[in-house]
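Novice: To start, I am sharing the structure in question, which I have written as structure tokens.
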Amino acid sequence: MLLIYCPYCEEERPEAEFTYAGQAHIVRPGNPSDMSDDEFAAFLFMRDNAKGVHAERWRHTHGCGRFFNVLRDTVTDKILMTYKAGEPRPALSTEAAQ
Amino acid sequence: MSLTLPRTDASPQHAGTLTKPRAIDGPVGGAYRVAGEGRVNRDRPMLFTFDGRVISALEGDTVASALLASGIHLLGRSFKYHRPRGILTAGSEEPNALIGTDRGPGRREPNTRATVQEVFEGLRTTSQNRWPSLRFDIGAVNDLASPLIGAGFYYKTFMKPRGFWDKVYEPLIRKAAGLGTAPDAIDPDIYTSRYAHADVLVVGAGAAGIAAALAAGRAGASVMLVDEQTEIGGGLLSDPDAVIDGQPAWNWLAAAAAELDGMANVTVLPRATAIAYNHQNMVAVAERLTDHLAEPPAGMPRERLWRVRAKQVVLAQGALEKPMVFAGNDRPGVMLASAAHTYLKRYGVLVGKQIIVASAHDSAWATAAALAEAGAYVRIAEARADVPGPVRQRAVDAGVEFDFSMVATGTAGRDRVYAAQLQLLRDGEPRGGDWFPCDTVLMAGGWTPSVHLFSHTKGKLRWDSKRQAFLPGECTEACVAAGAGAGVWGLDGALKTGSEAGASVASAAGYEAEPAKVKVQSNCFGDVGSIAEAAPGSYASAKAFVDYQNDVTAKDVRQAVQEGMRSIEHVKRYTTSGMATDQGKSSNINALLIAAEALGKSPPEVGLTTFRPPYTPTTFGLFANHHRGATFDPERRTSIDAWAADNGAVFEPVSQWRRARYFPRSGENMDAAVLRECATTREACGVFDASTLGKIEVTGPDAAEFLNRIYTNPLAKLPVGKCRYALLLGEDGYIRDDGIIGRLSETRFHVTTTTGGAARVLAMMEDYRQTEFTDLKVWLTSSTEQWATVAINGPKARKVLAPLVDGLDIAHEAFAHMSIAECAVAGVPARLMRASFTGECGFEVNVPARHGRAVWEAIWASAEPHGGCVYGTETMHVLRAEKGFIIVGQDTDGTVTPDDAGLAWALGKKKPDFVGKRGLMRPDLTASGRKQLVGLMTEDPTLRLPEGAQIVRGPLQPPPMPMIGHVTSSYRSAALGRTFAMALIEDGRSLIGSKVELPTLDGERQSAEVVKPMFYDAENARLVGEPA
Ligand SMILES: [Zn+2]
């Protein structure tokens, strides 16, 4: 079971308290009705299938209830870092990850 | 000397005159017990049974050691070929000696390893996979048919003809192949779990693990030391002749155990197997608490699952000896040399009296000497050209005979080996040779470090060609390997690396630690081991087994390579090598070496198959733990549930809730009760517990705008005191949920969801609130459990409710349909909604849950004199369907749009945006041919269509016919006096008035007319109800 650091609670908590919530940094457009079919399909369906570092959302469902972002290495399944929703994806250097 | 070699298991040419071993019922503890040897308690004899035969044992015995002490080597039949099999090992890696155990009523377990099961007085054990008896087994014909059922035979033989597979092959295979039979009673045992946090977890309590625990414990770190065996010591338990720091090994062990026991910061868990190494140093440990007890204390759990989160882990799992691969290496009486050593030194059992040792490792020489010292005749066939002088000397002193450059290439015997063929190696090929009488053949093919837990961490393994083994390489977790598990052979190295590992991990955890200096004066395993360079399959013929448990031979592995398998993972799956319950602990390296040789590659190029948890077979009970029965998925009950139970309700599960389905009166079946409840509700009134509906309190200055963006309907201008039926879509435009939204004030809304959708809807709302609509000031609170909800429906609903209401006029004009207000009902503060899921005049009374039952009883007391009834979910389903109201998840399936469901009116078309608005514009969702919700009326008014029935256009043609839809809801209606149904059908609304066909499973058909999904009171006149 993973231990996940909630950036709001500022605590490392067991995975069972959290829910996965899909890829991070996909912004719902301000007015989706203006989008072309292709643009909307890209927003609705297309997701990265990263081998390596993946930015994804988790929710501290059985804690503070907040959504936040996680950088996870899909090869090792290690969580490299977590950060608050709305913050830009950090440029991750290997040293920073450790 | 030149001899013609028998190519198979044919009779030996020089079988000698050894008497075959007989079953011995004589002395206490068994006839093969050796005086002065072992840790078994000779003052505590006990009896158990094997296939009904009473066996004498000693306290401290395993079933395997006790059977061997009585001269019993035949324990079972193999999985595929039904070959007689005995005991290969003395540990948890045992592939052959699987037995059934019976520990009392309901406590029957198949496939228990006899080498692990401790004997207690009265234990009953049985052999497996044989019929009618162990010695005479019909299934053994599979052995004769073995040329036909080699590698990949499942894939090749049984592809066709198809019918033959179902009727002939499959039942035959099921009957013939297999292990024990599953228990048929519910497990009476309980299983439990604990969390633990430690600075240091040491896995394996052999010399290395003990040394690590001592070093870390002395430094003050909190330490857990776990070991699968009944007591700590590991290999030391089989090595009493070693001398450590001037003391006999067992004295040193006792002192170490006492020191560990005396440290408050150290926890030692025997009978505790580390089964899985998970992320961030969480190790799962399966502790066995009662399997060794004749009479477990009442209420004591059978097993305990520990989830240990350790800062640092020391892996000291030791190493497992490899069998050698030669013809007949699976016969009872053929076992690992290390096992024979353990049976002698730990259990005081001599496994045979005329022993041949096929050796490729120094450790076998010490074993040979010990067996000879205990009185056996021992002959070593050493594959290597020489061994170091000191290794040889002790064997010479003990009278062991030996040859160098000699290998075993065959055995003879049926239920026990009675001869072995030994041949000289010339230029790497076995030649000449002779048959030697024997009752036991020991194999010493070198050692394989147990890297299983290390592999669970996805740590990298590196190939060590000298040791012919994979060793732990780069770690991904905070762990250190020590001792034989790290490829360090010998007691000296185990103690040294263990102590160093313990000190280093304690330092890493923040303690000042020093490794201890321990001097080993002598030990039997030798400081350095080396093994024969030849691939173990070089001398292998058809019956040379690699994987004992799955009956995979060297020939099978080579054949898999010949047939095109290149990856070791493919070889594994094609041959099933390594796929049995032992996960190939004794076979994986041999299979790899044979495959690598056949492929002409080096072992690391071919790679090792993945080790997966659990390390050893683990009970389902341990994993299920408390999650069974009533605590599997705890049932939610409303505050009115107890009343329903008291009043004869029949319940059904609805998501996590227990809900009253109907309230039968004497003699009524479900159909009769539901027809009566429906009729009574439409004629008078019905009272219904709707508390399970999800409820969300939406508050804040921007609550209206938030809901306006989330739901399809225009909600921004919903007046205070009014309700609206609302639809929730996903961004894809499909219906996700529905409910009623009531506005209590400018800034407060009462939102209901479906019973099963509450948590999902709240999570979706939270997602938008927190991450998309962050400009809005709004708060969401789940209030499902806070409100009890009583629905009253029917023409007399107002008459029933009015006398109970304070502070509100509920007359039709004053409190119109789709209104919400706060008032008091039966003296309790309430939120009253006027809403209807039945088409009748309806009210929903929400009161604080703690008052739910009292208010329910007050309403029921008022309803009964009006000829009302209480009703359950089934009647609710029928009444809503008569009005064409959907149930999300029943009439929709995640691909239904509002228009498909006939709910396009609920879309706020003027709104610039709402969740799903853009999705609804997708070409697929606006194209023709979509399935639309319609009604169906069968030609035969008594016929109720099965829900899920497929719909086609008539007339019937031979299948496959295009299916145009399916039935979603289907009931008998009291109001209509007949059956009716709803269905999703392609372009269904254009088919209204025409006929469709529904093929039935028996080849017949049913015919129905497509109608509008509105079966009752299309004008909605009944919503008004009678005046109070
Ligand atoms: Zn949190």
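FYI, nothing fancy with the structure tokens labels: chains A, B, ... in order, residues from 1 per chain, ligands from 1 as they appear.
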Near chain B, meaning an atom within 8 Å, which residues of chain A appear when counting only C-alpha atoms? Write them as JSON, numbers by chain.
Specialist: {"A": [1, 2, 3, 27, 28, 31, 32, 33, 37, 40, 44, 66, 67, 76, 78, 85, 86]}
Novice: List all protein, DNA and RNA residues that have an atom no more than 10 Å from any atom of ligand 1, counting only C-alpha atoms and all ligand atoms, and report them as a list in words.
Specialist: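 Written in the requested form, the residues are Ile4, Tyr5, Cys6, Pro7, Tyr8, Cys9, Glu10, Glu11, Glu12, Arg13, Glu17, Phe18, Arg59, His60, Thr61, His62, Gly63, Cys64, Gly65, Arg66, Phe67 and Phe68 of chain A.
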Novice: Pull the strand (DSSP E or B) assignments for chain A out of DSSP run on the backbone, and list those residues as a PyMOL selection string.
Specialist: chain A and resi 3-6+11-14+19-23+53-59+67-73+78-84
Novice: Give me the residues near Thr74 in chain A as a list in words, where near means some atom within 9 Å (using only C-alpha atoms) and where sequence neighbours in that chain fewer than 5 positions away do not count.
Specialist: Ala50, Lys51, Gly52, Val53, His54 and Ile79 of chain A
Novice: Using only C-alpha atoms, find the one residue out of B:Leu236, B:Ile594, B:Val203, B:Val888 that sits nearest to Arg346 in chain B.
Specialist: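 That would be B:Leu236, the residue with the smallest distance to Arg346 in chain B.
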